[in-house]
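Coordinates from query.cif are shown below (mmCIF, C-alpha atoms).
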```
data_run
#
loop_
_atom_site.label_atom_id
_atom_site.label_comp_id
_atom_site.auth_asym_id
_atom_site.auth_seq_id
_atom_site.Cartn_x
_atom_site.Cartn_y
_atom_site.Cartn_z
CA MET A 1 -63.84 41.31 92.79
CA MET A 2 -60.74 40.52 90.81
CA HIS A 3 -59.74 38.20 88.02
CA ALA A 4 -56.96 35.74 88.76
CA GLU A 5 -54.21 35.87 86.19
CA PRO A 6 -53.12 32.45 84.89
CA SER A 7 -49.63 31.22 85.58
CA TYR A 8 -48.20 27.91 84.36
CA ASN A 9 -45.56 25.57 85.71
CA PHE A 10 -43.87 24.75 82.41
CA PHE A 11 -42.24 21.60 83.77
CA LEU A 12 -45.73 20.19 84.43
CA VAL A 13 -46.89 21.42 81.02
CA ALA A 14 -44.03 19.47 79.42
CA LEU A 15 -44.88 16.47 81.60
CA SER A 16 -48.50 16.61 80.41
CA TYR A 17 -47.30 16.54 76.79
CA PHE A 18 -44.98 13.62 77.55
CA ILE A 19 -47.73 11.48 79.06
CA ALA A 20 -50.09 12.39 76.18
CA THR A 21 -47.41 11.19 73.73
CA PHE A 22 -46.65 7.97 75.61
CA GLY A 23 -50.35 7.25 76.10
CA SER A 24 -51.01 7.82 72.40
CA TYR A 25 -48.20 5.47 71.37
CA THR A 26 -49.39 2.77 73.76
CA GLY A 27 -52.96 3.17 72.54
CA LEU A 28 -51.89 2.89 68.90
CA GLN A 29 -50.01 -0.33 69.67
CA LEU A 30 -53.05 -1.75 71.48
CA VAL A 31 -55.34 -0.94 68.55
CA LYS A 32 -52.84 -2.62 66.25
CA GLY A 33 -53.08 -5.69 68.48
CA MET A 34 -56.87 -5.53 68.28
CA ARG A 35 -56.78 -5.38 64.48
CA HIS A 36 -54.67 -8.56 64.34
CA ALA A 37 -56.56 -10.37 67.11
CA GLU A 38 -59.13 -13.09 66.58
CA GLU A 39 -62.82 -12.20 66.90
CA GLY A 40 -63.22 -13.41 70.48
CA GLU A 41 -60.17 -11.53 71.74
CA ARG A 42 -61.02 -8.05 70.44
CA THR A 43 -63.01 -6.89 73.47
CA LYS A 44 -60.04 -7.04 75.84
CA TRP A 45 -57.90 -5.14 73.32
CA ILE A 46 -60.57 -2.43 73.00
CA ILE A 47 -60.83 -2.08 76.80
CA SER A 48 -57.04 -1.84 77.14
CA ALA A 49 -56.79 0.72 74.31
CA SER A 50 -59.60 2.74 75.90
CA PHE A 51 -57.66 3.03 79.15
CA ALA A 52 -54.42 3.88 77.32
CA LEU A 53 -55.97 6.54 75.07
CA GLY A 54 -58.83 7.79 77.27
CA GLY A 55 -57.19 7.31 80.65
CA GLY A 56 -53.56 7.97 79.75
CA ALA A 57 -53.27 10.17 76.67
CA VAL A 58 -56.34 12.27 77.50
CA TRP A 59 -57.38 12.16 81.16
CA ALA A 60 -53.94 11.97 82.81
CA MET A 61 -52.66 14.69 80.48
CA HIS A 62 -55.72 16.79 81.34
CA PHE A 63 -55.23 16.69 85.11
CA ILE A 64 -51.49 17.18 85.03
CA GLY A 65 -52.16 20.15 82.74
CA MET A 66 -54.71 21.50 85.21
CA ILE A 67 -52.30 21.15 88.11
CA ALA A 68 -49.75 23.08 86.02
CA TYR A 69 -52.14 26.05 86.15
CA ASP A 70 -51.63 28.29 89.19
CA MET A 71 -54.55 30.62 89.94
CA GLY A 72 -52.79 32.28 92.87
CA MET A 73 -55.28 30.81 95.36
CA PRO A 74 -55.69 27.43 97.12
CA VAL A 75 -57.37 24.67 95.08
CA VAL A 76 -58.58 21.20 96.00
CA TYR A 77 -60.41 18.63 93.86
CA ASP A 78 -63.69 16.80 94.37
CA PRO A 79 -62.67 13.10 94.22
CA TRP A 80 -66.05 11.91 92.90
CA LEU A 81 -66.19 14.36 90.01
CA THR A 82 -62.55 13.54 89.26
CA ALA A 83 -63.33 9.82 89.12
CA ALA A 84 -66.42 10.52 86.98
CA SER A 85 -64.32 12.46 84.47
CA LEU A 86 -61.96 9.47 84.14
CA ALA A 87 -64.91 7.15 83.54
CA ILE A 88 -66.26 9.49 80.84
CA ALA A 89 -62.92 9.57 79.00
CA VAL A 90 -62.47 5.80 79.02
CA ILE A 91 -66.09 5.01 78.06
CA VAL A 92 -66.37 7.43 75.12
CA VAL A 93 -63.02 6.36 73.65
CA GLY A 94 -64.01 2.71 74.08
CA LEU A 95 -67.36 3.33 72.39
CA GLY A 96 -65.64 5.05 69.48
CA LEU A 97 -63.14 2.20 69.07
CA PHE A 98 -65.91 -0.40 69.24
CA LEU A 99 -68.04 1.35 66.62
CA LEU A 100 -65.12 1.78 64.25
CA SER A 101 -63.98 -1.83 64.74
CA THR A 102 -67.31 -2.99 63.29
CA ARG A 103 -66.72 -1.03 60.05
CA PRO A 104 -63.06 0.04 59.99
CA ASN A 105 -63.10 1.16 56.35
CA SER A 106 -66.20 3.34 56.61
CA ILE A 107 -65.62 7.10 56.48
CA ALA A 108 -69.13 7.67 57.87
CA MET A 109 -68.42 5.43 60.88
CA LEU A 110 -65.06 7.16 61.40
CA LEU A 111 -66.82 10.53 61.59
CA ILE A 112 -69.53 9.19 63.92
CA ALA A 113 -66.93 7.65 66.23
CA GLY A 114 -64.86 10.83 66.15
CA VAL A 115 -67.82 13.07 67.04
CA ILE A 116 -68.90 10.77 69.89
CA ALA A 117 -65.41 10.44 71.34
CA GLY A 118 -64.46 14.09 70.77
CA SER A 119 -67.65 15.40 72.37
CA GLY A 120 -67.19 12.97 75.26
CA ILE A 121 -63.58 14.06 75.76
CA SER A 122 -64.76 17.66 75.91
CA SER A 123 -67.35 16.62 78.52
CA MET A 124 -64.54 14.96 80.45
CA HIS A 125 -62.53 18.17 80.30
CA PHE A 126 -65.26 20.42 81.63
CA SER A 127 -66.42 17.94 84.29
CA GLY A 128 -62.79 17.79 85.40
CA MET A 129 -62.74 21.59 85.55
CA ALA A 130 -65.92 21.49 87.64
CA ALA A 131 -64.06 19.25 90.11
CA MET A 132 -61.87 22.24 91.03
CA ILE A 133 -62.93 23.74 94.35
CA THR A 134 -61.61 27.18 95.17
CA ALA A 135 -62.76 30.57 96.44
CA ALA A 136 -63.72 31.83 92.98
CA ASP A 137 -66.65 31.90 90.59
CA MET A 138 -66.06 30.04 87.31
CA ASP A 139 -67.30 31.28 83.95
CA TYR A 140 -66.37 30.52 80.34
CA ASN A 141 -65.61 32.28 77.08
CA ASN A 142 -68.17 30.53 74.87
CA THR A 143 -66.21 31.05 71.66
CA LEU A 144 -63.13 29.34 73.08
CA VAL A 145 -65.30 26.54 74.51
CA ILE A 146 -66.65 25.84 71.00
CA VAL A 147 -63.13 25.94 69.55
CA SER A 148 -61.90 23.47 72.18
CA VAL A 149 -64.80 21.09 71.44
CA LEU A 150 -64.06 21.24 67.71
CA ILE A 151 -60.37 20.53 68.38
CA GLY A 152 -61.41 17.57 70.56
CA ILE A 153 -63.59 16.13 67.78
CA ALA A 154 -60.88 16.64 65.16
CA ALA A 155 -58.26 15.09 67.47
CA ALA A 156 -60.42 12.04 68.20
CA THR A 157 -61.25 11.52 64.52
CA ALA A 158 -57.60 11.79 63.48
CA ALA A 159 -56.54 9.49 66.32
CA PHE A 160 -59.03 6.81 65.25
CA TRP A 161 -57.95 7.03 61.62
CA LEU A 162 -54.29 6.73 62.57
CA ALA A 163 -55.01 3.85 64.96
CA PHE A 164 -56.74 1.82 62.25
CA ASN A 165 -54.34 2.60 59.40
CA LEU A 166 -50.78 2.66 60.75
CA GLU A 167 -48.45 -0.34 60.95
CA GLY A 168 -44.82 0.81 61.15
CA THR A 169 -43.15 1.70 64.45
CA MET A 170 -41.75 5.01 63.19
CA GLN A 171 -45.15 5.95 61.80
CA MET A 172 -46.71 5.31 65.20
CA ILE A 173 -44.06 7.31 67.02
CA GLY A 174 -44.59 10.27 64.69
CA ALA A 175 -48.37 9.94 64.98
CA SER A 176 -48.08 9.89 68.78
CA PHE A 177 -46.34 13.28 68.79
CA VAL A 178 -49.04 14.72 66.51
CA MET A 179 -51.88 13.23 68.59
CA ALA A 180 -50.34 14.64 71.78
CA ILE A 181 -50.22 18.13 70.23
CA ALA A 182 -53.92 17.84 69.35
CA VAL A 183 -54.90 16.59 72.82
CA CYS A 184 -52.86 19.30 74.55
CA GLY A 185 -54.26 21.90 72.15
CA MET A 186 -57.81 20.97 73.09
CA HIS A 187 -56.97 21.05 76.80
CA TYR A 188 -55.12 24.36 76.90
CA VAL A 189 -57.67 26.12 74.70
CA GLY A 190 -60.31 24.86 77.14
CA MET A 191 -58.24 26.19 80.04
CA GLU A 192 -57.94 29.55 78.28
CA ALA A 193 -61.74 29.60 78.01
CA MET A 194 -62.03 29.49 81.81
CA ILE A 195 -62.60 32.81 83.59
CA MET A 196 -62.02 32.68 87.36
CA THR A 197 -63.25 35.59 89.50
CA HIS A 198 -62.14 35.65 93.12
CA ASN A 199 -65.06 35.45 95.54
CA PRO A 200 -64.10 35.90 99.21
CA ASN A 201 -67.58 34.78 100.27
CA LEU A 202 -66.88 31.23 99.09
CA ALA A 203 -65.31 29.08 101.78
CA MET A 204 -62.81 26.31 101.00
CA PRO A 205 -64.08 22.82 101.91
CA GLU A 206 -62.70 20.96 104.89
CA SER A 207 -61.80 17.96 102.73
CA GLY A 208 -60.51 17.46 99.22
CA VAL A 209 -57.51 16.16 97.32
CA GLU A 210 -54.47 18.44 97.19
CA PRO A 211 -53.25 19.16 93.63
CA LEU A 212 -49.67 17.95 94.20
CA THR A 213 -50.88 14.71 95.79
CA MET A 214 -53.27 14.13 92.91
CA GLY A 215 -50.63 14.99 90.30
CA LEU A 216 -48.09 12.53 91.69
CA PHE A 217 -50.71 9.80 92.02
CA ILE A 218 -52.04 10.31 88.48
CA PHE A 219 -48.59 10.39 86.91
CA CYS A 220 -47.30 7.30 88.74
CA PHE A 221 -50.49 5.29 88.22
CA SER A 222 -50.73 6.25 84.55
CA MET A 223 -47.10 5.44 83.80
CA ILE A 224 -47.33 2.03 85.51
CA MET A 225 -50.53 1.25 83.62
CA LEU A 226 -49.16 2.39 80.25
CA VAL A 227 -45.83 0.57 80.63
CA LEU A 228 -47.59 -2.68 81.56
CA CYS A 229 -50.01 -2.32 78.63
CA LEU A 230 -47.14 -1.61 76.24
CA VAL A 231 -45.05 -4.56 77.44
CA VAL A 232 -47.98 -6.98 77.14
CA THR A 233 -48.95 -5.60 73.73
CA LEU A 234 -45.47 -5.85 72.22
CA SER A 235 -44.98 -9.35 73.62
CA GLN A 236 -48.32 -10.46 72.12
CA LEU A 237 -47.52 -8.90 68.74
CA ASN A 238 -44.06 -10.53 68.72
CA LYS A 239 -45.66 -13.87 69.60
CA LYS A 240 -48.12 -13.57 66.72
CA MET A 241 -45.31 -12.60 64.34
CA TYR A 242 -43.25 -15.62 65.48
CA GLU A 243 -46.24 -17.93 65.03
CA ALA A 244 -46.86 -16.53 61.54
CA LEU A 245 -43.20 -17.12 60.58
CA GLU A 246 -43.36 -20.67 61.95
CA ALA A 247 -46.51 -21.33 59.94
CA GLU A 248 -44.76 -20.08 56.78
CA ASP A 249 -41.76 -22.33 57.46
CA ASP A 250 -44.02 -25.33 58.00
CA GLU A 251 -45.84 -24.58 54.77
CA GLU A 252 -42.56 -24.33 52.85
CA ASP A 253 -41.37 -27.63 54.35
CA GLU A 254 -44.63 -29.31 53.29
CA LEU A 255 -44.26 -27.98 49.74
CA GLU A 256 -40.66 -29.18 49.55
CA GLU A 257 -41.70 -32.61 50.86
CA ALA A 258 -44.51 -32.79 48.32
CA ALA A 259 -42.10 -31.82 45.52
CA LYS A 260 -39.71 -34.63 46.48
CA ASN A 261 -42.50 -37.17 46.40
#
```

When written as structure tokens, how does the structure in this file appear?
Amino acid sequence: MMHAEPSYNFFLVALSYFIATFGSYTGLQLVKGMRHAEEGERTKWIISASFALGGGAVWAMHFIGMIAYDMGMPVVYDPWLTAASLAIAVIVVGLGLFLLSTRPNSIAMLLIAGVIAGSGISSMHFSGMAAMITAADMDYNNTLVIVSVLIGIAAATAAFWLAFNLEGTMQMIGASFVMAIAVCGMHYVGMEAMIMTHNPNLAMPESGVEPLTMGLFIFCFSMIMLVLCLVVTLSQLNKKMYEALEAEDDEEDELEEAAKN
């Protein structure tokens, strides 16, 4: 029996941070759109923000970060557990956003939403880890697992507060870098908690998704999704701003007309 020493591809580590940052920025913009949307339009904004934050900033970052980890032995991924981990990330972030949208100024609701989303994100992380199939037994350092869960809860709570309180573009860019650090921190602490022990009696499955194939698919799909979400969001926000300016001009014209009469 031997313990596999971790080795990271730092290009992929940097790529995981990049997609966490871009996903965070896109998610913040979508939540901004939700805050300015009419009552009947908020659901679609919440769903879009859930995919950007849960699917892009968290899940895509998580799997690219996992692929960056080289255990020195072949690894494939269970596609069903991988898909389930994506669903968990999107659903828990969406639930947190929905709860907070009902009472955006409530500190108690912020904490509840943060705990739900953060715990769910941690569940996503460890279900994603369970999707790894290799000739090794997996165990965990419980202390580091607890630390990673606490980081996930803190990251989710901070992300929700930022999403519901920021307006300026530069503020959102800065917040995106901070959120990405928190998301990556949770992930890599969770990875550090993993203890892999080589077991030659475990056979590799005949089928599974190769890490490189999965990494390329996740990155390309996530970037396309995030860019489309961002373009639609910015166009909608610009449209609303233009409509608001037009309404102000019309109001001023009416006042001037009334003054003349």

Cys184 (chain A) environment, 9 Å, only C-alpha atoms, sequence neighbours closer than 4 positions dropped, as an mmCIF file with C-alpha atoms, in the frame of the given file:
```
data_model
loop_
_atom_site.group_PDB
_atom_site.id
_atom_site.type_symbol
_atom_site.label_atom_id
_atom_site.label_comp_id
_atom_site.auth_asym_id
_atom_site.auth_seq_id
_atom_site.Cartn_x
_atom_site.Cartn_y
_atom_site.Cartn_z
ATOM 1 C CA SER A 16 -48.500 16.610 80.410
ATOM 2 C CA TYR A 17 -47.300 16.540 76.790
ATOM 3 C CA ALA A 20 -50.090 12.390 76.180
ATOM 4 C CA VAL A 58 -56.340 12.270 77.500
ATOM 5 C CA MET A 61 -52.660 14.690 80.480
ATOM 6 C CA HIS A 62 -55.720 16.790 81.340
ATOM 7 C CA GLY A 65 -52.160 20.150 82.740
ATOM 8 C CA MET A 179 -51.880 13.230 68.590
ATOM 9 C CA ALA A 180 -50.340 14.640 71.780
ATOM 10 C CA TYR A 188 -55.120 24.360 76.900
ATOM 11 C CA VAL A 189 -57.670 26.120 74.700
#
```

* To do: Can you turn the PyMOL selection byres ((chain A and resi 139-145) around 12) into a concrete residue list for this file, as a VMD selection string?
  => chain A and resid 3 119 122 to 123 125 to 126 129 to 130 136 to 138 146 to 152 185 to 198

* Please evaluate the PyMOL selection byres ((chain A and resi 90-102) around 7) against the structure above and give the resulting residues as a list in words. => Ile46, Ile47, Ser50, Phe51, Gly54, Gly55, Leu86, Ala87, Ile88, Ala89, Arg103, Pro104, Met109, Leu110, Ala113, Gly114, Ile116, Ala117 and Gly120 of chain A

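Counting all atoms listed in the file, the residue from A:Tyr8, A:Phe18, A:Tyr25, A:Phe63 that sits nearest to Ala175 (chain A) is A:Tyr25.
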
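The environment of region 161-168 of chain A within 8 Å, counting only C-alpha atoms and disregarding residues fewer than 2 places along the same chain, consists of Gly27, Leu28, Val31, Lys32, Arg35, Pro104, Leu110, Thr157, Ala158, Ala159, Met170, Gln171, Met172 and Ala175 of chain A.
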
* Distance in Å - CA of Pro79 (chain A) versus CA of Met132 (chain A) -> 9.7 Å

* Structure fact -> For Leu15 (chain A), the closest of A:Ala135, A:Val178, A:Cys220, A:Ile173 counting all atoms listed in the file is A:Cys220

* Asked: Between A:Gly174, A:Ser106, A:Met71, A:Ser85, which is the closest to Gly128 (chain A) once you count only C-alpha atoms?
  ->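 Checking each of A:Gly174, A:Ser106, A:Met71, A:Ser85 against Gly128 (chain A), counting only C-alpha atoms, the winner is A:Ser85.
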
* Asked: What is the CA of His36 (chain A) to CA of Gly23 (chain A) distance in Å?
  -> 20.2 Å

* For the point (-51.4, -6.4, 70.8) in file coordinates, what residues are within 8 Å, counting only C-alpha atoms? Give the answer as a ChimeraX atom specification? -> /A:29-34,36-37,45,232-237

* **Among the residues A:Asn201, A:Ser48, A:Thr26, A:Asn105, the one that comes closest to Ser176 (chain A) [using all atoms listed in the file]** => A:Thr26

* Atom pair CA of Lys44 (chain A) / CA of Gly56 (chain A): separation (Å) ->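 Pair CA of Lys44 (chain A) / CA of Gly56 (chain A) returns 16.8 Å.
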
* To do: For the point (-56.8, 36.7, 97.6) in the file's frame, write as a ChimeraX atom specification all residues with an atom no more than 8 Å away, counting only C-alpha atoms.
  => /A:72-73,198,200
